[in-house]
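Participant: Below is my_file_25.pdb; it holds PDB, C-alpha atoms.
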ATOM      1  CA  MET C   1      61.998  11.251  86.939  1.00  0.00           C
ATOM      2  CA  PRO C   2      61.098  14.526  85.149  1.00  0.00           C
ATOM      3  CA  THR C   3      61.490  17.725  87.150  1.00  0.00           C
ATOM      4  CA  LEU C   4      58.200  19.423  87.991  1.00  0.00           C
ATOM      5  CA  SER C   5      57.631  22.782  86.317  1.00  0.00           C
ATOM      6  CA  ILE C   6      54.345  24.526  87.048  1.00  0.00           C
ATOM      7  CA  LYS C   7      54.911  26.636  83.957  1.00  0.00           C
ATOM      8  CA  ARG C   8      54.958  23.501  81.814  1.00  0.00           C
ATOM      9  CA  LEU C   9      51.699  22.408  83.402  1.00  0.00           C
ATOM     10  CA  PHE C  10      50.279  25.816  82.525  1.00  0.00           C
ATOM     11  CA  ASP C  11      51.621  25.466  78.965  1.00  0.00           C
ATOM     12  CA  LEU C  12      49.957  22.040  78.744  1.00  0.00           C
ATOM     13  CA  GLN C  13      46.678  23.584  79.833  1.00  0.00           C
ATOM     14  CA  GLU C  14      46.916  26.315  77.193  1.00  0.00           C
ATOM     15  CA  LEU C  15      47.500  23.628  74.592  1.00  0.00           C
ATOM     16  CA  ASP C  16      44.586  21.535  75.885  1.00  0.00           C
ATOM     17  CA  LEU C  17      42.195  24.496  75.927  1.00  0.00           C
ATOM     18  CA  GLN C  18      43.155  25.346  72.371  1.00  0.00           C
ATOM     19  CA  ALA C  19      42.631  21.732  71.319  1.00  0.00           C
ATOM     20  CA  VAL C  20      39.182  21.700  72.930  1.00  0.00           C
ATOM     21  CA  SER C  21      38.266  24.893  71.080  1.00  0.00           C
ATOM     22  CA  TYR C  22      39.410  23.478  67.742  1.00  0.00           C
ATOM     23  CA  GLN C  23      37.605  20.197  68.387  1.00  0.00           C
ATOM     24  CA  LYS C  24      34.385  22.053  69.192  1.00  0.00           C
ATOM     25  CA  SER C  25      34.688  24.028  65.944  1.00  0.00           C
ATOM     26  CA  LEU C  26      35.383  20.839  64.029  1.00  0.00           C
ATOM     27  CA  THR C  27      32.294  19.182  65.510  1.00  0.00           C
ATOM     28  CA  GLU C  28      30.174  22.193  64.538  1.00  0.00           C
ATOM     29  CA  VAL C  29      31.523  22.219  60.973  1.00  0.00           C
ATOM     30  CA  ARG C  30      30.838  18.515  60.557  1.00  0.00           C
ATOM     31  CA  ALA C  31      27.349  18.919  62.002  1.00  0.00           C
ATOM     32  CA  THR C  32      26.652  21.678  59.479  1.00  0.00           C
ATOM     33  CA  LEU C  33      27.968  19.549  56.628  1.00  0.00           C
ATOM     34  CA  SER C  34      25.765  16.607  57.579  1.00  0.00           C
ATOM     35  CA  ASP C  35      22.650  18.608  58.500  1.00  0.00           C
ATOM     36  CA  ASP C  36      20.138  18.353  55.676  1.00  0.00           C
ATOM     37  CA  SER C  37      17.114  18.983  57.896  1.00  0.00           C
ATOM     38  CA  ALA C  38      16.201  22.320  56.283  1.00  0.00           C
ATOM     39  CA  VAL C  39      16.444  20.839  52.788  1.00  0.00           C
ATOM     40  CA  ALA C  40      14.443  17.785  53.861  1.00  0.00           C
ATOM     41  CA  ALA C  41      11.749  19.983  55.435  1.00  0.00           C
ATOM     42  CA  ALA C  42      11.427  22.114  52.300  1.00  0.00           C
ATOM     43  CA  GLN C  43      11.330  19.000  50.126  1.00  0.00           C
ATOM     44  CA  ALA C  44       8.657  17.422  52.329  1.00  0.00           C
ATOM     45  CA  LEU C  45       6.557  20.596  52.242  1.00  0.00           C
ATOM     46  CA  LYS C  46       6.820  20.785  48.447  1.00  0.00           C
ATOM     47  CA  GLU C  47       5.815  17.141  48.052  1.00  0.00           C
ATOM     48  CA  LYS C  48       2.917  17.544  50.479  1.00  0.00           C
ATOM     49  CA  ALA C  49       1.642  20.604  48.616  1.00  0.00           C
ATOM     50  CA  GLU C  50       2.002  18.830  45.262  1.00  0.00           C
ATOM     51  CA  SER C  51       0.117  15.776  46.542  1.00  0.00           C
ATOM     52  CA  GLN C  52      -2.718  17.869  47.977  1.00  0.00           C
ATOM     53  CA  LEU C  53      -2.767  20.005  44.837  1.00  0.00           C
ATOM     54  CA  SER C  54      -3.141  16.883  42.704  1.00  0.00           C
ATOM     55  CA  ASP C  55      -6.094  15.698  44.818  1.00  0.00           C
ATOM     56  CA  GLU C  56      -7.748  19.122  44.828  1.00  0.00           C
ATOM     57  CA  THR C  57      -7.261  19.532  41.066  1.00  0.00           C
ATOM     58  CA  ALA C  58      -8.923  16.174  40.460  1.00  0.00           C
ATOM     59  CA  ALA C  59     -11.812  17.198  42.741  1.00  0.00           C
ATOM     60  CA  ARG C  60     -12.125  20.499  40.851  1.00  0.00           C
ATOM     61  CA  ARG C  61     -12.446  18.659  37.539  1.00  0.00           C
ATOM     62  CA  GLN C  62     -15.223  16.510  39.002  1.00  0.00           C
ATOM     63  CA  ILE C  63     -17.109  19.554  40.291  1.00  0.00           C
ATOM     64  CA  GLU C  64     -16.641  21.381  36.998  1.00  0.00           C
ATOM     65  CA  SER C  65     -18.131  18.354  35.240  1.00  0.00           C
ATOM     66  CA  ALA C  66     -21.034  18.427  37.700  1.00  0.00           C
ATOM     67  CA  VAL C  67     -21.605  22.135  36.946  1.00  0.00           C
ATOM     68  CA  GLN C  68     -21.528  21.378  33.219  1.00  0.00           C
ATOM     69  CA  ARG C  69     -24.138  18.650  33.634  1.00  0.00           C
ATOM     70  CA  LEU C  70     -26.335  20.955  35.695  1.00  0.00           C
ATOM     71  CA  ASN C  71     -26.039  23.640  32.994  1.00  0.00           C
ATOM     72  CA  GLU C  72     -27.136  21.122  30.406  1.00  0.00           C
ATOM     73  CA  ARG C  73     -30.082  20.071  32.586  1.00  0.00           C
ATOM     74  CA  LEU C  74     -30.988  23.726  33.129  1.00  0.00           C
ATOM     75  CA  GLN C  75     -30.898  24.449  29.403  1.00  0.00           C
ATOM     76  CA  ALA C  76     -33.158  21.472  28.721  1.00  0.00           C
ATOM     77  CA  ALA C  77     -35.587  22.530  31.457  1.00  0.00           C
ATOM     78  CA  GLU C  78     -35.710  26.092  30.107  1.00  0.00           C
ATOM     79  CA  ARG C  79     -36.344  24.838  26.571  1.00  0.00           C
ATOM     80  CA  ARG C  80     -39.293  22.851  27.849  1.00  0.00           C
ATOM     81  CA  LEU C  81     -40.503  25.767  29.964  1.00  0.00           C
ATOM     82  CA  TYR C  82     -40.113  28.547  27.419  1.00  0.00           C
ATOM     83  CA  GLY C  83     -40.289  26.686  24.129  1.00  0.00           C
ATOM     84  CA  GLY C  84     -44.053  26.644  24.025  1.00  0.00           C
ATOM     85  CA  GLY C  85     -44.348  22.906  24.336  1.00  0.00           C
ATOM     86  CA  VAL C  86     -45.699  23.024  27.877  1.00  0.00           C
ATOM     87  CA  THR C  87     -49.107  24.683  28.124  1.00  0.00           C
ATOM     88  CA  LYS C  88     -50.910  23.084  31.005  1.00  0.00           C
ATOM     89  CA  ALA C  89     -50.707  24.922  34.302  1.00  0.00           C
ATOM     90  CA  ARG C  90     -49.687  21.849  36.267  1.00  0.00           C
ATOM     91  CA  GLU C  91     -46.886  21.034  33.810  1.00  0.00           C
ATOM     92  CA  LEU C  92     -45.724  24.681  33.813  1.00  0.00           C
ATOM     93  CA  SER C  93     -45.579  24.658  37.609  1.00  0.00           C
ATOM     94  CA  ALA C  94     -43.640  21.387  37.618  1.00  0.00           C
ATOM     95  CA  SER C  95     -41.174  22.737  35.024  1.00  0.00           C
ATOM     96  CA  GLU C  96     -40.653  25.928  37.033  1.00  0.00           C
ATOM     97  CA  GLU C  97     -40.008  23.895  40.175  1.00  0.00           C
ATOM     98  CA  GLU C  98     -37.568  21.706  38.251  1.00  0.00           C
ATOM     99  CA  ARG C  99     -35.747  24.776  36.941  1.00  0.00           C
ATOM    100  CA  ALA C 100     -35.575  26.366  40.403  1.00  0.00           C
ATOM    101  CA  ALA C 101     -34.234  23.140  41.908  1.00  0.00           C
ATOM    102  CA  ILE C 102     -31.513  22.906  39.239  1.00  0.00           C
ATOM    103  CA  VAL C 103     -30.531  26.567  39.761  1.00  0.00           C
ATOM    104  CA  ALA C 104     -30.323  26.042  43.536  1.00  0.00           C
ATOM    105  CA  GLU C 105     -28.253  22.872  43.137  1.00  0.00           C
ATOM    106  CA  ARG C 106     -25.941  24.598  40.677  1.00  0.00           C
ATOM    107  CA  ALA C 107     -25.420  27.517  43.081  1.00  0.00           C
ATOM    108  CA  GLU C 108     -24.482  25.078  45.842  1.00  0.00           C
ATOM    109  CA  VAL C 109     -22.054  23.204  43.613  1.00  0.00           C
ATOM    110  CA  GLU C 110     -20.534  26.465  42.339  1.00  0.00           C
ATOM    111  CA  ASP C 111     -19.955  27.582  45.939  1.00  0.00           C
ATOM    112  CA  LYS C 112     -18.058  24.361  46.530  1.00  0.00           C
ATOM    113  CA  LEU C 113     -16.065  24.983  43.348  1.00  0.00           C
ATOM    114  CA  LEU C 114     -15.202  28.507  44.455  1.00  0.00           C
ATOM    115  CA  GLY C 115     -13.974  27.298  47.846  1.00  0.00           C
ATOM    116  CA  LEU C 116     -11.959  24.577  46.154  1.00  0.00           C
ATOM    117  CA  MET C 117     -10.328  27.050  43.786  1.00  0.00           C
ATOM    118  CA  VAL C 118      -9.344  29.283  46.706  1.00  0.00           C
ATOM    119  CA  GLY C 119      -7.736  26.262  48.361  1.00  0.00           C
ATOM    120  CA  ILE C 120      -5.935  25.396  45.121  1.00  0.00           C
ATOM    121  CA  ASP C 121      -4.533  28.915  44.911  1.00  0.00           C
ATOM    122  CA  GLU C 122      -3.213  28.592  48.473  1.00  0.00           C
ATOM    123  CA  LEU C 123      -1.670  25.190  47.723  1.00  0.00           C
ATOM    124  CA  GLU C 124      -0.010  26.548  44.583  1.00  0.00           C
ATOM    125  CA  ALA C 125       1.469  29.398  46.623  1.00  0.00           C
ATOM    126  CA  MET C 126       2.685  26.892  49.240  1.00  0.00           C
ATOM    127  CA  ARG C 127       4.214  24.677  46.567  1.00  0.00           C
ATOM    128  CA  ASP C 128       5.912  27.577  44.796  1.00  0.00           C
ATOM    129  CA  GLY C 129       7.241  28.929  48.095  1.00  0.00           C
ATOM    130  CA  ALA C 130       8.635  25.526  49.058  1.00  0.00           C
ATOM    131  CA  LYS C 131      10.212  25.120  45.621  1.00  0.00           C
ATOM    132  CA  GLY C 132      11.849  28.530  45.893  1.00  0.00           C
ATOM    133  CA  GLU C 133      13.160  27.812  49.394  1.00  0.00           C
ATOM    134  CA  LEU C 134      14.426  24.407  48.316  1.00  0.00           C
ATOM    135  CA  ALA C 135      16.267  25.875  45.343  1.00  0.00           C
ATOM    136  CA  GLN C 136      17.801  28.556  47.569  1.00  0.00           C
ATOM    137  CA  LEU C 137      18.908  26.019  50.174  1.00  0.00           C
ATOM    138  CA  GLU C 138      20.443  23.733  47.576  1.00  0.00           C
ATOM    139  CA  THR C 139      22.273  26.658  45.967  1.00  0.00           C
ATOM    140  CA  GLN C 140      23.537  27.777  49.372  1.00  0.00           C
ATOM    141  CA  ARG C 141      24.699  24.269  50.157  1.00  0.00           C
ATOM    142  CA  VAL C 142      26.628  24.053  46.882  1.00  0.00           C
ATOM    143  CA  GLU C 143      28.279  27.384  47.695  1.00  0.00           C
ATOM    144  CA  ASP C 144      29.000  26.606  51.357  1.00  0.00           C
ATOM    145  CA  HIS C 145      30.208  23.010  51.229  1.00  0.00           C
ATOM    146  CA  PRO C 146      33.592  23.638  49.547  1.00  0.00           C
ATOM    147  CA  ARG C 147      34.387  26.297  52.155  1.00  0.00           C
ATOM    148  CA  LEU C 148      33.234  24.042  54.989  1.00  0.00           C
ATOM    149  CA  ARG C 149      35.249  21.098  53.651  1.00  0.00           C
ATOM    150  CA  LYS C 150      38.326  23.302  53.519  1.00  0.00           C
ATOM    151  CA  GLU C 151      37.694  24.481  57.078  1.00  0.00           C
ATOM    152  CA  GLU C 152      37.160  20.881  58.215  1.00  0.00           C
ATOM    153  CA  LYS C 153      40.515  19.880  56.740  1.00  0.00           C
ATOM    154  CA  ARG C 154      42.258  22.814  58.439  1.00  0.00           C
ATOM    155  CA  LEU C 155      40.724  22.007  61.817  1.00  0.00           C
ATOM    156  CA  VAL C 156      41.653  18.335  61.537  1.00  0.00           C
ATOM    157  CA  MET C 157      45.251  19.353  60.897  1.00  0.00           C
ATOM    158  CA  GLU C 158      45.219  21.747  63.865  1.00  0.00           C
ATOM    159  CA  VAL C 159      43.748  19.129  66.211  1.00  0.00           C
ATOM    160  CA  ASP C 160      46.360  16.616  65.050  1.00  0.00           C
ATOM    161  CA  ARG C 161      49.159  19.167  65.492  1.00  0.00           C
ATOM    162  CA  LEU C 162      48.039  19.921  69.041  1.00  0.00           C
ATOM    163  CA  ARG C 163      47.732  16.217  69.832  1.00  0.00           C
ATOM    164  CA  GLN C 164      51.308  15.621  68.723  1.00  0.00           C
ATOM    165  CA  ALA C 165      52.507  18.655  70.690  1.00  0.00           C
ATOM    166  CA  ARG C 166      50.751  17.324  73.778  1.00  0.00           C
ATOM    167  CA  GLU C 167      52.284  13.873  73.378  1.00  0.00           C
ATOM    168  CA  SER C 168      55.760  15.388  73.100  1.00  0.00           C
ATOM    169  CA  MET C 169      55.180  17.479  76.225  1.00  0.00           C
ATOM    170  CA  LEU C 170      53.933  14.679  78.503  1.00  0.00           C
ATOM    171  CA  PRO C 171      57.355  13.053  79.158  1.00  0.00           C
ATOM    172  CA  GLU C 172      58.542  16.363  80.613  1.00  0.00           C
ATOM    173  CA  LEU C 173      56.049  16.144  83.497  1.00  0.00           C
ATOM    174  CA  PRO C 174      55.963  13.808  86.527  1.00  0.00           C
ATOM    175  CA  PRO C 175      53.129  11.227  86.358  1.00  0.00           C
ATOM    176  CA  SER C 176      51.764  12.316  89.747  1.00  0.00           C
ATOM    177  CA  ALA C 177      51.519  15.935  88.599  1.00  0.00           C
ATOM    178  CA  LEU C 178      49.827  14.857  85.387  1.00  0.00           C
ATOM    179  CA  ALA C 179      47.329  12.712  87.286  1.00  0.00           C
ATOM    180  CA  LEU C 180      46.426  15.624  89.562  1.00  0.00           C
ATOM    181  CA  TYR C 181      46.209  17.969  86.568  1.00  0.00           C
ATOM    182  CA  GLU C 182      43.795  15.631  84.741  1.00  0.00           C
ATOM    183  CA  THR C 183      41.654  15.156  87.850  1.00  0.00           C
ATOM    184  CA  ILE C 184      41.242  18.886  88.448  1.00  0.00           C
ATOM    185  CA  ARG C 185      40.810  19.581  84.747  1.00  0.00           C
ATOM    186  CA  ALA C 186      37.889  17.158  84.596  1.00  0.00           C
ATOM    187  CA  THR C 187      36.045  18.936  87.402  1.00  0.00           C
ATOM    188  CA  ARG C 188      36.954  22.562  86.630  1.00  0.00           C
ATOM    189  CA  HIS C 189      35.817  22.942  83.015  1.00  0.00           C
ATOM    190  CA  GLY C 190      39.279  22.293  81.614  1.00  0.00           C
ATOM    191  CA  GLN C 191      41.109  24.774  83.846  1.00  0.00           C
ATOM    192  CA  ALA C 192      43.341  22.911  86.290  1.00  0.00           C
ATOM    193  CA  VAL C 193      46.024  25.609  86.570  1.00  0.00           C
ATOM    194  CA  ALA C 194      45.215  29.160  87.647  1.00  0.00           C
ATOM    195  CA  LYS C 195      47.469  32.195  87.454  1.00  0.00           C
ATOM    196  CA  VAL C 196      48.160  34.210  90.580  1.00  0.00           C
ATOM    197  CA  GLU C 197      47.816  37.921  89.883  1.00  0.00           C
ATOM    198  CA  ARG C 198      47.700  40.717  92.476  1.00  0.00           C
ATOM    199  CA  GLY C 199      47.642  38.054  95.170  1.00  0.00           C
ATOM    200  CA  MET C 200      44.459  36.554  93.757  1.00  0.00           C
ATOM    201  CA  CYS C 201      43.673  33.154  92.254  1.00  0.00           C
ATOM    202  CA  GLN C 202      42.394  33.918  88.769  1.00  0.00           C
ATOM    203  CA  GLY C 203      40.420  30.668  88.743  1.00  0.00           C
ATOM    204  CA  CYS C 204      38.023  31.558  91.558  1.00  0.00           C
ATOM    205  CA  ARG C 205      38.938  35.234  92.109  1.00  0.00           C
ATOM    206  CA  ILE C 206      39.699  34.672  95.805  1.00  0.00           C
ATOM    207  CA  VAL C 207      42.561  36.491  97.550  1.00  0.00           C
ATOM    208  CA  LEU C 208      45.137  33.905  98.586  1.00  0.00           C
ATOM    209  CA  PRO C 209      46.740  33.613 102.028  1.00  0.00           C
ATOM    210  CA  GLU C 210      50.309  34.886 102.132  1.00  0.00           C
ATOM    211  CA  THR C 211      51.669  31.381 102.754  1.00  0.00           C
ATOM    212  CA  GLU C 212      50.051  30.054  99.553  1.00  0.00           C
ATOM    213  CA  ARG C 213      51.302  33.007  97.525  1.00  0.00           C
ATOM    214  CA  ARG C 214      54.830  32.536  98.805  1.00  0.00           C
ATOM    215  CA  GLN C 215      54.827  28.797  98.124  1.00  0.00           C
ATOM    216  CA  ALA C 216      53.378  29.297  94.636  1.00  0.00           C
ATOM    217  CA  ARG C 217      56.112  31.780  93.700  1.00  0.00           C
ATOM    218  CA  SER C 218      58.760  29.049  93.830  1.00  0.00           C
ATOM    219  CA  GLY C 219      57.172  27.294  90.827  1.00  0.00           C
ATOM    220  CA  GLN C 220      58.851  23.997  91.718  1.00  0.00           C
ATOM    221  CA  SER C 221      56.131  22.350  93.788  1.00  0.00           C
ATOM    222  CA  ILE C 222      52.404  21.991  93.461  1.00  0.00           C
ATOM    223  CA  VAL C 223      50.424  24.456  95.515  1.00  0.00           C
ATOM    224  CA  GLN C 224      46.655  24.285  95.242  1.00  0.00           C
ATOM    225  CA  CYS C 225      44.216  27.085  95.881  1.00  0.00           C
ATOM    226  CA  SER C 226      42.520  26.457  99.207  1.00  0.00           C
ATOM    227  CA  SER C 227      39.240  27.649  97.677  1.00  0.00           C
ATOM    228  CA  CYS C 228      38.943  26.037  94.225  1.00  0.00           C
ATOM    229  CA  GLN C 229      41.777  23.455  94.461  1.00  0.00           C
ATOM    230  CA  ARG C 230      43.341  24.588  91.185  1.00  0.00           C
ATOM    231  CA  ILE C 231      47.121  24.418  90.850  1.00  0.00           C
ATOM    232  CA  LEU C 232      48.544  27.882  91.376  1.00  0.00           C
ATOM    233  CA  TYR C 233      50.943  29.403  88.847  1.00  0.00           C
ATOM    234  CA  THR C 234      52.789  32.628  89.502  1.00  0.00           C
ATOM    235  CA  VAL C 235      54.188  34.341  86.410  1.00  0.00           C
TER     236      VAL C 235
END
Could the structure of this file be written out as structure tokens, please?

Facilitator:
Amino acid sequence: MPTLSIKRLFDLQELDLQAVSYQKSLTEVRATLSDDSAVAAAQALKEKAESQLSDETAARRQIESAVQRLNERLQAAERRLYGGGVTKARELSASEEERAAIVAERAEVEDKLLGLMVGIDELEAMRDGAKGELAQLETQRVEDHPRLRKEEKRLVMEVDRLRQARESMLPELPPSALALYETIRATRHGQAVAKVERGMCQGCRIVLPETERRQARSGQSIVQCSSCQRILYTV
């Protein structure tokens, strides 16, 4: 049966805390490597703007054709009105009404065209902005990924090193002490062993009774803090 050493339990905790820190960093690095959400969002925005721009451009061509047809109708109406071919008062009045109606319709269609062109300008700006952001993100990813892959490899090696160190340390500790350590560790955010400094448990910052301090100083038996239940370790 291995001899209990509170210091070795404390050493195990230091190793475990370091392993948790490395594993957290490794998880974050891998999440960054696999996260393409920003690129996907920029790509989706670019495609949306391009699709809307295509529709609006087609609509603009149709309205421009409508304006052209109205101009042709207006020119024909003005030729009839001012060419001397229409002399009767009733026909002159009808031609003037026709011309006025065409001018009014053209003004309405041109207003629509103007609004459409403003929208097209905004869509072009949106598309160009999305394209620029996408290019920047892709460039950044190309620059960052080699560094992140290198960091991932380093962290994997560190986690594996700490795992092996932990496995080699476990036979040195009694199973009952290990079981208690793991139980407390699970409920105390990874800190099962607390140093005693200036008569105080550094886990919960409570001043310990003299009997607990004296027992903890021996370092050969498990003494738990009466407040937080952590295993006490006196340096």

Participant: Extract, using all atoms listed in the file, all DNA, RNA and protein residues at most 10 Å from segment 24-35 of chain C, discarding same-chain residues fewer than 5 positions from it, and format them as an NGL selection string.

Facilitator: :C and (18-19 or 40 or 141 or 144-146 or 148-149 or 151-156 or 158-159)

Participant: If I take atom CA of Glu133 of chain C and atom CA of Gln43 of chain C, how far is one from the other in Å, to one decimal?

Facilitator: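 Atom CA of Glu133 of chain C sits 9.0 Å away from atom CA of Gln43 of chain C.
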
Participant: Have a look at C:Val118, C:Leu137, C:Ile102, C:Leu70 and name the one nearest to Ala42 of chain C; count only C-alpha atoms.

Facilitator: C:Leu137

Participant: Using only C-alpha atoms, which of the listed residues (C:Ala89, C:Leu113, C:Leu232, C:Ile222) sits closest to Leu4 of chain C?

Facilitator: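 Going through C:Ala89, C:Leu113, C:Leu232, C:Ile222 one by one, the smallest distance to Leu4 of chain C is for C:Ile222.
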
Participant: Evaluate the PyMOL selection byres ((chain C and resi 171-185) around 8) here and jot the selected residues down as a PDB file with C-alpha atoms, in the frame of the given file.

Facilitator:
ATOM      1  CA  MET C   1      61.998  11.251  86.939  1.00  0.00           C
ATOM      2  CA  PRO C   2      61.098  14.526  85.149  1.00  0.00           C
ATOM      3  CA  THR C   3      61.490  17.725  87.150  1.00  0.00           C
ATOM      4  CA  LEU C   4      58.200  19.423  87.991  1.00  0.00           C
ATOM      5  CA  SER C   5      57.631  22.782  86.317  1.00  0.00           C
ATOM      6  CA  ARG C   8      54.958  23.501  81.814  1.00  0.00           C
ATOM      7  CA  LEU C   9      51.699  22.408  83.402  1.00  0.00           C
ATOM      8  CA  GLU C 167      52.284  13.873  73.378  1.00  0.00           C
ATOM      9  CA  SER C 168      55.760  15.388  73.100  1.00  0.00           C
ATOM     10  CA  MET C 169      55.180  17.479  76.225  1.00  0.00           C
ATOM     11  CA  LEU C 170      53.933  14.679  78.503  1.00  0.00           C
ATOM     12  CA  ALA C 186      37.889  17.158  84.596  1.00  0.00           C
ATOM     13  CA  THR C 187      36.045  18.936  87.402  1.00  0.00           C
ATOM     14  CA  ARG C 188      36.954  22.562  86.630  1.00  0.00           C
ATOM     15  CA  HIS C 189      35.817  22.942  83.015  1.00  0.00           C
ATOM     16  CA  GLY C 190      39.279  22.293  81.614  1.00  0.00           C
ATOM     17  CA  GLN C 191      41.109  24.774  83.846  1.00  0.00           C
ATOM     18  CA  ALA C 192      43.341  22.911  86.290  1.00  0.00           C
ATOM     19  CA  VAL C 193      46.024  25.609  86.570  1.00  0.00           C
ATOM     20  CA  ILE C 222      52.404  21.991  93.461  1.00  0.00           C
ATOM     21  CA  GLN C 229      41.777  23.455  94.461  1.00  0.00           C
ATOM     22  CA  ARG C 230      43.341  24.588  91.185  1.00  0.00           C
ATOM     23  CA  ILE C 231      47.121  24.418  90.850  1.00  0.00           C
TER      24      ILE C 231
END

Participant: Might you spell out which residues the PyMOL selection byres ((chain C and resi 204-219) around 10) would select in the displayed file, as a PyMOL selection string?

Facilitator: chain C and resi 4-7+194-203+220-235

Participant: Enter the distance from atom CA of Asp55 of chain C to atom CA of Glu138 of chain C, in Å, rounded to one decimal.

Facilitator: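 Taking atom CA of Asp55 of chain C and atom CA of Glu138 of chain C, their separation equals 27.9 Å.
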
Participant: What does the distance between atom CA of Leu134 of chain C and atom CA of Lys46 of chain C come to in Å, to one decimal place?

Facilitator: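 Separation of atom CA of Leu134 of chain C and atom CA of Lys46 of chain C: 8.4 Å.
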
Participant: Each side padded by 4 Å, which centre and which edge lengths in Å (one decimal) define the axis-aligned box around the listed atoms of segment 197-216 of chain C? Give them as JSON.

Facilitator:
{"center_x": 46.4, "center_y": 34.8, "center_z": 95.7, "size_x": 24.8, "size_y": 19.9, "size_z": 22.0}

Participant: Counting all atoms listed in the file, I want the residues whose atoms come within 12 Å of (-30.1, 25.1, 41.6) in the file frame, returned as a list in words.

Facilitator: Ala66, Val67, Arg69, Leu70, Asn71, Arg73, Leu74, Ala77, Glu96, Glu97, Glu98, Arg99, Ala100, Ala101, Ile102, Val103, Ala104, Glu105, Arg106, Ala107, Glu108, Val109, Glu110 and Asp111 of chain C

Participant: Considering only C-alpha atoms, return as a list in words whatever protein or nucleic-acid residues lie within 9 Å of Leu15 of chain C, sequence-local ones (same chain, fewer than 3 positions apart) excluded.

Facilitator: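 The contact residues come out as Phe10, Asp11, Leu12, Gln18, Ala19, Val20, Leu162, Arg163, Ala165 and Arg166 of chain C.
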
Participant: Using the chain letters and numbering of this document, enumerate as a list in words the residues selected by the PyMOL selection byres ((chain C and resi 49) around 8).

Facilitator: Leu45, Lys46, Glu47, Lys48, Glu50, Ser51, Gln52, Leu53, Leu123, Glu124, Met126 and Arg127 of chain C
